[in-house]
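Reviewing the structure listed below.
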Amino acid sequence: MKKLNVDVAVIGTGTAGMTAYRAAKAQGARTVVIEGGQYGTTCARVGCMPSKLLIAAAEAAHVMETSGPFGVHAGEVRVDGRAVMERVRRERDRFVGFVLEGVESMPVADRLQGHARFTSPCTLQVDDHTEIEAGRFVIATGSTPLRLPQLENVGPGVVTSDDVFYWDELPRSVAVIGTGVIGLELGQALSRLGVRVRLIARGGNIAHVSDPEVLRCAARVMGEELDIAFQTQVVGAEQDGDEVVLRTRDALGKESSERFQYVLMAAGRTPNVHDLGLEHTGLERGEDGIPLFDTRTMQCGTSHIFIAGDANNERALLHDAADHGKIAGDNAGRFPDVRPGLRRTPIAVAFSEPNIATLGKNWRTLCAGGQRKFAVGSVSFANQGRSRVMLQNKGLLRVYAEYGTRLFLGAEMIAPRAEHLAHLLAWACQMRLTVEQMLDMPFYHPVIEEGVRTALRDLAANLSKGDSETLVEDTEPGT
C-alpha cells in the first residue's frame, strides 16, 4: 500500500473541497484532495445550474401560453421534450467541464481517487491503495438526495432529483415528494413543460419560509397553479410496468393511490458523513452523526479536523459552501492558529415563480426565546405598480427590524423577481443599516423595488408605535 505524509488532506472535490484545497495551499501547506465519486460539483452536475436550465425552458413555454391578457397571441405552443432535455444535458456538461478544468489544473500528485475513511485521528485509508498521514483534515464530502424508506427498492420509476438531469425525454407524469426548494422548482418547471405533476407535502411547508403570513400567501399563490397535496403521507408504492402506483394517506387518514410514470423524491439532501470512519477520530458528534463544529471557524471541537459545505448541514448552498471551504482551508493550512472567517448575511432563493426568498434573520430565528423584540413591515404585491404592469402582481414581503436600535434584521418573501430584492436587502442587512438609512436610498419609478420602500415605511411606522402586525397594500404612485 502506498503511503503519503502531508500537512492537509481534504476529503471531497465539490465547491467546499476545492476552495479548501486552494486556501490551504495558499497558506503553504502540503495538501492533497481525495474524491470518492465523480469530479464535478453538486451545483454544476445535478443542482443549481441544470435545474435553472429546466426552469428557463419552462419560463419560455409559460410566457407563450400566458401572453393572451397582453393582447399577444402566440398560437399553439409545442414543447419538444427531447430537445428540452438535450439542451439541459448539453449545457450541464459545459458547466461540469469548467469544474473539471479546475480539477485537472491541480498537480496530479495532489489528487487521489477512492473512498477515504479515517483509521485514526491522524490517518486516512483510501480504498485499498493508499494510506495518508496528515496533520489536519477538511471533511467536504457533500450530500446526497434523501431517500424515503417507503420507496426503497420499488423499481426504476422511483427517482431522485439527481436522476432528472439524465432524462432523455420529458415524462408524461411525475409525483414530486416534497415542497422544499428542490421539489417546488422541479415540480413547477415540469408542470409548465406539459408534464402532469402532483406535489406531495408531509406538512404544510413551502420552500424555506417560516413567517406564517408569507407561508399562507405562498401556499395560496403556488396552489393556484400547481396541484399540491399538503398534510399527506407517502404510504408505499409498486412498480407496474412503466408506471408507479403511489399510495398516500391524507390528514383525515384516507388512503388513495394514483399512477405516475415517475415518483421523484425531492424531500431534501443528507450529509455524506456516515461512512467516513468518524468513530476513529474521537470527535463529538450530534444525533445526526455530524461532528460538532464552530460555524465561525469550521473547526470540529478543538481538534485538527474541519468540516465544510453540505457535509456540515449548516447552510447547504453553493455560496456558503465556498465560504465554508475558504475558512476551513485557511485554518487547516495555518493550524493551530485558528481564526474566525468571513460569514456573510444568510440568503436563500427558490427560483419558482414568483420567487421565494429569505435573508438575514428569519421569522423562526427572531421568535426563538419567546418574547418578541422586533417589528414587522409588510407589503402585498397585488397592486404594486410595476408588478401589475407585468401581470406578476402576486406575493407578499415581510421585513423585520429591532426595536430601539431600528436596525434592519431580515426578510421573508414570495414576490416577483425576489432574487433581486433579496440581494438588495441582504446587502443592507450586512451593512447593518437602520430602516431610516435604507429609506434614504434612491428608489426609481416604476420598479418592483418600490414595494420594498412601502414595506420599509410600514416597518418604520410600526417601530415607532410598537405595532408589528399591520399589513398594508402598496400605494406607490402609478398603482
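Labels for the C-alpha cells follow display order: chains A, B, ..., residues from 1 in each chain, ligands from 1.
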
Selection: 8 Å around stretch 45-61 of chain A, only C-alpha atoms, excl. self and same-chain fewer than 6 positions, as a list in words =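 My list of contacting residues is Val77, Val79, Val84, Met85, Arg87, Val88, Arg89, Glu91, Arg92, Asp93, Phe95, Val96, Ser161, Asp162, Asp163, Phe165, Glu185, Leu186, Ala189, Leu190, Arg192, Leu193 and Phe351 of chain A.
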
Quick one: write out the picked residues with N, CA, C and O atoms as a PDB file, in the first residue's frame?
ATOM      1  N   VAL A  77     -48.720  26.224 -28.578  1.00  0.00           N
ATOM      2  CA  VAL A  77     -47.377  26.022 -28.031  1.00  0.00           C
ATOM      3  C   VAL A  77     -47.042  24.536 -28.086  1.00  0.00           C
ATOM      4  O   VAL A  77     -47.823  23.704 -27.632  1.00  0.00           O
ATOM      5  N   VAL A  79     -44.116  21.812 -26.980  1.00  0.00           N
ATOM      6  CA  VAL A  79     -42.903  21.555 -26.213  1.00  0.00           C
ATOM      7  C   VAL A  79     -42.259  20.270 -26.728  1.00  0.00           C
ATOM      8  O   VAL A  79     -42.880  19.201 -26.692  1.00  0.00           O
ATOM      9  N   VAL A  84     -35.708  19.803 -25.137  1.00  0.00           N
ATOM     10  CA  VAL A  84     -35.529  20.474 -23.840  1.00  0.00           C
ATOM     11  C   VAL A  84     -34.446  19.773 -23.036  1.00  0.00           C
ATOM     12  O   VAL A  84     -33.514  20.402 -22.528  1.00  0.00           O
ATOM     13  N   MET A  85     -34.555  18.463 -22.910  1.00  0.00           N
ATOM     14  CA  MET A  85     -33.607  17.728 -22.082  1.00  0.00           C
ATOM     15  C   MET A  85     -32.230  17.641 -22.724  1.00  0.00           C
ATOM     16  O   MET A  85     -31.212  17.592 -22.018  1.00  0.00           O
ATOM     17  N   ARG A  87     -30.823  20.062 -24.393  1.00  0.00           N
ATOM     18  CA  ARG A  87     -30.150  21.323 -24.039  1.00  0.00           C
ATOM     19  C   ARG A  87     -29.734  21.332 -22.570  1.00  0.00           C
ATOM     20  O   ARG A  87     -28.630  21.784 -22.230  1.00  0.00           O
ATOM     21  N   VAL A  88     -30.601  20.835 -21.700  1.00  0.00           N
ATOM     22  CA  VAL A  88     -30.260  20.767 -20.274  1.00  0.00           C
ATOM     23  C   VAL A  88     -28.968  19.978 -20.084  1.00  0.00           C
ATOM     24  O   VAL A  88     -28.038  20.427 -19.399  1.00  0.00           O
ATOM     25  N   ARG A  89     -28.875  18.805 -20.712  1.00  0.00           N
ATOM     26  CA  ARG A  89     -27.685  17.971 -20.532  1.00  0.00           C
ATOM     27  C   ARG A  89     -26.462  18.605 -21.181  1.00  0.00           C
ATOM     28  O   ARG A  89     -25.362  18.568 -20.613  1.00  0.00           O
ATOM     29  N   GLU A  91     -25.766  21.836 -21.820  1.00  0.00           N
ATOM     30  CA  GLU A  91     -25.262  22.986 -21.062  1.00  0.00           C
ATOM     31  C   GLU A  91     -24.743  22.559 -19.694  1.00  0.00           C
ATOM     32  O   GLU A  91     -23.779  23.106 -19.184  1.00  0.00           O
ATOM     33  N   ARG A  92     -25.420  21.546 -19.096  1.00  0.00           N
ATOM     34  CA  ARG A  92     -24.923  20.997 -17.832  1.00  0.00           C
ATOM     35  C   ARG A  92     -23.502  20.478 -17.993  1.00  0.00           C
ATOM     36  O   ARG A  92     -22.616  20.745 -17.179  1.00  0.00           O
ATOM     37  N   ASP A  93     -23.280  19.719 -19.055  1.00  0.00           N
ATOM     38  CA  ASP A  93     -21.952  19.157 -19.292  1.00  0.00           C
ATOM     39  C   ASP A  93     -20.920  20.258 -19.507  1.00  0.00           C
ATOM     40  O   ASP A  93     -19.743  20.095 -19.139  1.00  0.00           O
ATOM     41  N   PHE A  95     -21.003  23.243 -18.003  1.00  0.00           N
ATOM     42  CA  PHE A  95     -20.679  23.752 -16.669  1.00  0.00           C
ATOM     43  C   PHE A  95     -19.767  22.777 -15.925  1.00  0.00           C
ATOM     44  O   PHE A  95     -18.803  23.183 -15.270  1.00  0.00           O
ATOM     45  N   VAL A  96     -20.068  21.486 -16.036  1.00  0.00           N
ATOM     46  CA  VAL A  96     -19.229  20.482 -15.389  1.00  0.00           C
ATOM     47  C   VAL A  96     -17.819  20.528 -15.967  1.00  0.00           C
ATOM     48  O   VAL A  96     -16.824  20.379 -15.247  1.00  0.00           O
ATOM     49  N   SER A 161     -33.757  13.683  -7.362  1.00  0.00           N
ATOM     50  CA  SER A 161     -33.509  14.883  -8.166  1.00  0.00           C
ATOM     51  C   SER A 161     -32.239  14.752  -8.995  1.00  0.00           C
ATOM     52  O   SER A 161     -32.128  15.356 -10.062  1.00  0.00           O
ATOM     53  N   ASP A 162     -31.269  13.955  -8.535  1.00  0.00           N
ATOM     54  CA  ASP A 162     -30.042  13.762  -9.319  1.00  0.00           C
ATOM     55  C   ASP A 162     -30.334  13.087 -10.652  1.00  0.00           C
ATOM     56  O   ASP A 162     -29.645  13.319 -11.656  1.00  0.00           O
ATOM     57  N   ASP A 163     -31.352  12.224 -10.682  1.00  0.00           N
ATOM     58  CA  ASP A 163     -31.651  11.444 -11.892  1.00  0.00           C
ATOM     59  C   ASP A 163     -32.317  12.276 -12.985  1.00  0.00           C
ATOM     60  O   ASP A 163     -32.211  11.947 -14.168  1.00  0.00           O
ATOM     61  N   PHE A 165     -31.752  15.036 -14.380  1.00  0.00           N
ATOM     62  CA  PHE A 165     -30.940  15.705 -15.401  1.00  0.00           C
ATOM     63  C   PHE A 165     -30.214  14.741 -16.324  1.00  0.00           C
ATOM     64  O   PHE A 165     -29.390  15.147 -17.145  1.00  0.00           O
ATOM     65  N   GLU A 185     -39.168  23.855  -7.297  1.00  0.00           N
ATOM     66  CA  GLU A 185     -38.591  24.292  -8.567  1.00  0.00           C
ATOM     67  C   GLU A 185     -38.820  23.261  -9.668  1.00  0.00           C
ATOM     68  O   GLU A 185     -39.288  23.599 -10.759  1.00  0.00           O
ATOM     69  N   LEU A 186     -38.481  22.011  -9.390  1.00  0.00           N
ATOM     70  CA  LEU A 186     -38.631  20.978 -10.416  1.00  0.00           C
ATOM     71  C   LEU A 186     -40.100  20.722 -10.730  1.00  0.00           C
ATOM     72  O   LEU A 186     -40.474  20.546 -11.893  1.00  0.00           O
ATOM     73  N   ALA A 189     -41.461  23.619 -12.880  1.00  0.00           N
ATOM     74  CA  ALA A 189     -40.856  23.605 -14.219  1.00  0.00           C
ATOM     75  C   ALA A 189     -41.443  22.480 -15.068  1.00  0.00           C
ATOM     76  O   ALA A 189     -41.820  22.694 -16.230  1.00  0.00           O
ATOM     77  N   LEU A 190     -41.526  21.281 -14.517  1.00  0.00           N
ATOM     78  CA  LEU A 190     -42.071  20.157 -15.276  1.00  0.00           C
ATOM     79  C   LEU A 190     -43.532  20.398 -15.631  1.00  0.00           C
ATOM     80  O   LEU A 190     -43.972  20.102 -16.756  1.00  0.00           O
ATOM     81  N   ARG A 192     -45.027  23.275 -16.135  1.00  0.00           N
ATOM     82  CA  ARG A 192     -45.112  24.274 -17.201  1.00  0.00           C
ATOM     83  C   ARG A 192     -44.651  23.733 -18.544  1.00  0.00           C
ATOM     84  O   ARG A 192     -44.970  24.310 -19.585  1.00  0.00           O
ATOM     85  N   LEU A 193     -43.924  22.631 -18.521  1.00  0.00           N
ATOM     86  CA  LEU A 193     -43.487  21.998 -19.766  1.00  0.00           C
ATOM     87  C   LEU A 193     -44.463  20.920 -20.227  1.00  0.00           C
ATOM     88  O   LEU A 193     -44.172  20.168 -21.152  1.00  0.00           O
ATOM     89  N   PHE A 351     -36.201  29.399  -7.020  1.00  0.00           N
ATOM     90  CA  PHE A 351     -36.453  30.003  -8.323  1.00  0.00           C
ATOM     91  C   PHE A 351     -37.780  29.505  -8.911  1.00  0.00           C
ATOM     92  O   PHE A 351     -37.874  29.177 -10.087  1.00  0.00           O
TER      93      PHE A 351
END

Secondary structure check, helix (DSSP H, G or I) residues of stretch 382-479 of chain A, as a PyMOL selection string = chain A and resi 385-389+418-430+435-439+449-465

Go through A:Asn5, A:Gln392, A:Thr31, A:Gln233 and flag the residue nearest A:Leu148, using only C-alpha atoms for the distances.
-> A:Gln233

Could you name the residues that touch stretch 437-450 of chain A at 9 Å or less, counting only C-alpha atoms, but leaving out those on the same chain fewer than 4 positions away, as a PyMOL selection string?
-> chain A and resi 381+384-387+408+416-417+420-421+424+428+433+454-457+474+476-478

Any chance you could export the current selection's N, CA and C atoms as a PDB file, in the first residue's frame?
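Output contents, as saved in selection34.pdb:
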ATOM      1  N   PHE A 381     -48.023  42.500  -3.067  1.00  0.00           N
ATOM      2  CA  PHE A 381     -47.701  42.884  -4.447  1.00  0.00           C
ATOM      3  C   PHE A 381     -48.936  42.863  -5.350  1.00  0.00           C
ATOM      4  N   GLN A 384     -49.068  46.423  -6.597  1.00  0.00           N
ATOM      5  CA  GLN A 384     -47.798  47.128  -6.789  1.00  0.00           C
ATOM      6  C   GLN A 384     -47.629  47.459  -8.279  1.00  0.00           C
ATOM      7  N   GLY A 385     -47.277  48.705  -8.567  1.00  0.00           N
ATOM      8  CA  GLY A 385     -47.348  49.222  -9.930  1.00  0.00           C
ATOM      9  C   GLY A 385     -46.649  48.395 -10.986  1.00  0.00           C
ATOM     10  N   ARG A 386     -45.336  48.237 -10.880  1.00  0.00           N
ATOM     11  CA  ARG A 386     -44.575  47.539 -11.907  1.00  0.00           C
ATOM     12  C   ARG A 386     -45.001  46.059 -11.988  1.00  0.00           C
ATOM     13  N   SER A 387     -45.285  45.455 -10.850  1.00  0.00           N
ATOM     14  CA  SER A 387     -45.719  44.062 -10.844  1.00  0.00           C
ATOM     15  C   SER A 387     -47.014  43.891 -11.613  1.00  0.00           C
ATOM     16  N   PHE A 408     -32.120  47.027  10.637  1.00  0.00           N
ATOM     17  CA  PHE A 408     -32.790  46.070   9.761  1.00  0.00           C
ATOM     18  C   PHE A 408     -32.228  44.685  10.048  1.00  0.00           C
ATOM     19  N   PRO A 416     -42.447  38.826  -7.140  1.00  0.00           N
ATOM     20  CA  PRO A 416     -41.856  38.865  -8.479  1.00  0.00           C
ATOM     21  C   PRO A 416     -40.412  39.329  -8.390  1.00  0.00           C
ATOM     22  N   ARG A 417     -39.522  38.592  -9.030  1.00  0.00           N
ATOM     23  CA  ARG A 417     -38.093  38.922  -9.074  1.00  0.00           C
ATOM     24  C   ARG A 417     -37.498  39.083  -7.675  1.00  0.00           C
ATOM     25  N   HIS A 420     -33.690  39.404  -6.873  1.00  0.00           N
ATOM     26  CA  HIS A 420     -33.016  40.702  -6.854  1.00  0.00           C
ATOM     27  C   HIS A 420     -33.350  41.486  -5.587  1.00  0.00           C
ATOM     28  N   LEU A 421     -34.607  41.441  -5.162  1.00  0.00           N
ATOM     29  CA  LEU A 421     -34.984  42.120  -3.926  1.00  0.00           C
ATOM     30  C   LEU A 421     -34.194  41.555  -2.753  1.00  0.00           C
ATOM     31  N   LEU A 424     -30.649  43.013  -2.613  1.00  0.00           N
ATOM     32  CA  LEU A 424     -30.689  44.399  -2.143  1.00  0.00           C
ATOM     33  C   LEU A 424     -30.808  44.441  -0.624  1.00  0.00           C
ATOM     34  N   ALA A 428     -28.095  45.400   2.643  1.00  0.00           N
ATOM     35  CA  ALA A 428     -28.449  46.364   3.700  1.00  0.00           C
ATOM     36  C   ALA A 428     -28.294  45.722   5.073  1.00  0.00           C
ATOM     37  N   LEU A 433     -27.554  48.515   8.322  1.00  0.00           N
ATOM     38  CA  LEU A 433     -28.269  49.772   8.128  1.00  0.00           C
ATOM     39  C   LEU A 433     -29.517  49.808   9.001  1.00  0.00           C
ATOM     40  N   THR A 454     -42.254  50.652   0.317  1.00  0.00           N
ATOM     41  CA  THR A 454     -43.527  50.646   1.025  1.00  0.00           C
ATOM     42  C   THR A 454     -43.443  49.800   2.291  1.00  0.00           C
ATOM     43  N   ALA A 455     -42.823  48.606   2.173  1.00  0.00           N
ATOM     44  CA  ALA A 455     -42.675  47.738   3.340  1.00  0.00           C
ATOM     45  C   ALA A 455     -41.807  48.392   4.407  1.00  0.00           C
ATOM     46  N   LEU A 456     -40.748  49.083   3.991  1.00  0.00           N
ATOM     47  CA  LEU A 456     -39.873  49.753   4.950  1.00  0.00           C
ATOM     48  C   LEU A 456     -40.585  50.918   5.634  1.00  0.00           C
ATOM     49  N   ARG A 457     -41.424  51.632   4.895  1.00  0.00           N
ATOM     50  CA  ARG A 457     -42.195  52.709   5.516  1.00  0.00           C
ATOM     51  C   ARG A 457     -43.141  52.150   6.578  1.00  0.00           C
ATOM     52  N   ASP A 474     -49.596  48.135  -1.215  1.00  0.00           N
ATOM     53  CA  ASP A 474     -48.694  49.094  -1.840  1.00  0.00           C
ATOM     54  C   ASP A 474     -49.502  50.220  -2.468  1.00  0.00           C
ATOM     55  N   GLU A 476     -47.891  52.995  -3.937  1.00  0.00           N
ATOM     56  CA  GLU A 476     -46.939  53.838  -4.657  1.00  0.00           C
ATOM     57  C   GLU A 476     -47.610  54.534  -5.827  1.00  0.00           C
ATOM     58  N   PRO A 477     -47.073  55.693  -6.277  1.00  0.00           N
ATOM     59  CA  PRO A 477     -47.607  56.345  -7.473  1.00  0.00           C
ATOM     60  C   PRO A 477     -47.616  55.377  -8.640  1.00  0.00           C
ATOM     61  N   GLY A 478     -48.683  55.392  -9.386  1.00  0.00           N
ATOM     62  CA  GLY A 478     -48.760  54.512 -10.560  1.00  0.00           C
ATOM     63  C   GLY A 478     -49.528  53.243 -10.277  1.00  0.00           C
TER      64      GLY A 478
END

Pull the strand (DSSP E) assignments for stretch 391-479 of chain A out of DSSP run on the backbone, and list those residues as a PyMOL selection string.
-> chain A and resi 396-402+408-415

Would you mind exporting the chosen residues as a PDB file, in the first residue's frame, restricted to N, CA and C atoms?
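So the final result, stored in part.pdb, reads:
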ATOM      1  N   LEU A 396     -46.093  38.559  -1.270  1.00  0.00           N
ATOM      2  CA  LEU A 396     -46.060  39.295  -0.013  1.00  0.00           C
ATOM      3  C   LEU A 396     -44.623  39.393   0.471  1.00  0.00           C
ATOM      4  N   LEU A 397     -44.239  40.570   0.914  1.00  0.00           N
ATOM      5  CA  LEU A 397     -42.923  40.809   1.509  1.00  0.00           C
ATOM      6  C   LEU A 397     -43.113  41.228   2.952  1.00  0.00           C
ATOM      7  N   ARG A 398     -42.355  40.593   3.850  1.00  0.00           N
ATOM      8  CA  ARG A 398     -42.367  40.982   5.264  1.00  0.00           C
ATOM      9  C   ARG A 398     -40.919  41.281   5.672  1.00  0.00           C
ATOM     10  N   VAL A 399     -40.709  42.452   6.250  1.00  0.00           N
ATOM     11  CA  VAL A 399     -39.378  42.900   6.653  1.00  0.00           C
ATOM     12  C   VAL A 399     -39.359  43.095   8.169  1.00  0.00           C
ATOM     13  N   TYR A 400     -38.185  42.875   8.779  1.00  0.00           N
ATOM     14  CA  TYR A 400     -38.067  42.885  10.234  1.00  0.00           C
ATOM     15  C   TYR A 400     -36.971  43.849  10.688  1.00  0.00           C
ATOM     16  N   ALA A 401     -37.205  44.507  11.822  1.00  0.00           N
ATOM     17  CA  ALA A 401     -36.199  45.405  12.402  1.00  0.00           C
ATOM     18  C   ALA A 401     -36.282  45.357  13.919  1.00  0.00           C
ATOM     19  N   GLU A 402     -35.187  45.712  14.557  1.00  0.00           N
ATOM     20  CA  GLU A 402     -35.065  45.625  16.008  1.00  0.00           C
ATOM     21  C   GLU A 402     -35.595  46.891  16.675  1.00  0.00           C
ATOM     22  N   PHE A 408     -32.120  47.027  10.637  1.00  0.00           N
ATOM     23  CA  PHE A 408     -32.790  46.070   9.761  1.00  0.00           C
ATOM     24  C   PHE A 408     -32.228  44.685  10.048  1.00  0.00           C
ATOM     25  N   LEU A 409     -33.100  43.696  10.223  1.00  0.00           N
ATOM     26  CA  LEU A 409     -32.678  42.363  10.646  1.00  0.00           C
ATOM     27  C   LEU A 409     -32.809  41.286   9.574  1.00  0.00           C
ATOM     28  N   GLY A 410     -33.803  41.409   8.692  1.00  0.00           N
ATOM     29  CA  GLY A 410     -34.000  40.363   7.696  1.00  0.00           C
ATOM     30  C   GLY A 410     -35.360  40.458   7.045  1.00  0.00           C
ATOM     31  N   ALA A 411     -35.688  39.474   6.203  1.00  0.00           N
ATOM     32  CA  ALA A 411     -36.952  39.497   5.476  1.00  0.00           C
ATOM     33  C   ALA A 411     -37.285  38.105   4.957  1.00  0.00           C
ATOM     34  N   GLU A 412     -38.580  37.884   4.719  1.00  0.00           N
ATOM     35  CA  GLU A 412     -39.062  36.708   4.006  1.00  0.00           C
ATOM     36  C   GLU A 412     -40.077  37.179   2.977  1.00  0.00           C
ATOM     37  N   MET A 413     -40.109  36.504   1.829  1.00  0.00           N
ATOM     38  CA  MET A 413     -40.989  36.989   0.762  1.00  0.00           C
ATOM     39  C   MET A 413     -41.306  35.911  -0.254  1.00  0.00           C
ATOM     40  N   ILE A 414     -42.464  36.049  -0.879  1.00  0.00           N
ATOM     41  CA  ILE A 414     -42.763  35.441  -2.170  1.00  0.00           C
ATOM     42  C   ILE A 414     -43.134  36.628  -3.031  1.00  0.00           C
ATOM     43  N   ALA A 415     -42.360  36.869  -4.078  1.00  0.00           N
ATOM     44  CA  ALA A 415     -42.505  38.123  -4.807  1.00  0.00           C
ATOM     45  C   ALA A 415     -41.952  38.003  -6.209  1.00  0.00           C
TER      46      ALA A 415
END

For atom CA of A:Tyr166 and atom CA of A:Gln38, quote the distance in Å rounded to one decimal.
->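 Taking atom CA of A:Tyr166 as the start and atom CA of A:Gln38 as the end point, the length is 14.7 Å.
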
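Minimum atom-to-atom distances from A:Glu353, A:Asp323, A:Asn272, A:Gly142 to A:Gly187 were compared using only C-alpha atoms, and the lowest value belongs to A:Glu353.
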
Against stretch 172-179 of chain A, which residues of stretch 250-341 of chain A fall within 6 Å? For each one I want the closest pair of atoms and the distance in Å (one decimal), counting only C-alpha atoms, rows by chain and increasing residue number, as a tab-separated table.
residue	atom	partner	partner_atom	distance
A:Phe260	CA	A:Ser173	CA	5.2
A:Gln261	CA	A:Ser173	CA	5.3
A:Tyr262	CA	A:Val174	CA	4.8
A:Val263	CA	A:Ala175	CA	4.7
A:Leu264	CA	A:Val176	CA	4.8
A:Met265	CA	A:Ile177	CA	5.0
A:Ala266	CA	A:Gly178	CA	5.2
A:Ala267	CA	A:Gly178	CA	4.5

Residue nearest A:Ala207 among A:Thr297, A:Met390, A:Ala16, A:Ala348 (counting only C-alpha atoms) | A:Ala348

If you count only C-alpha atoms, which residues fall within 9 Å of stretch 328-333 of chain A, apart from same-chain ones fewer than 3 positions away, as a ChimeraX atom specification?
-> /A:7-8,10,16-17,19-31,135-138,297-299,304-308,323-325,336-341
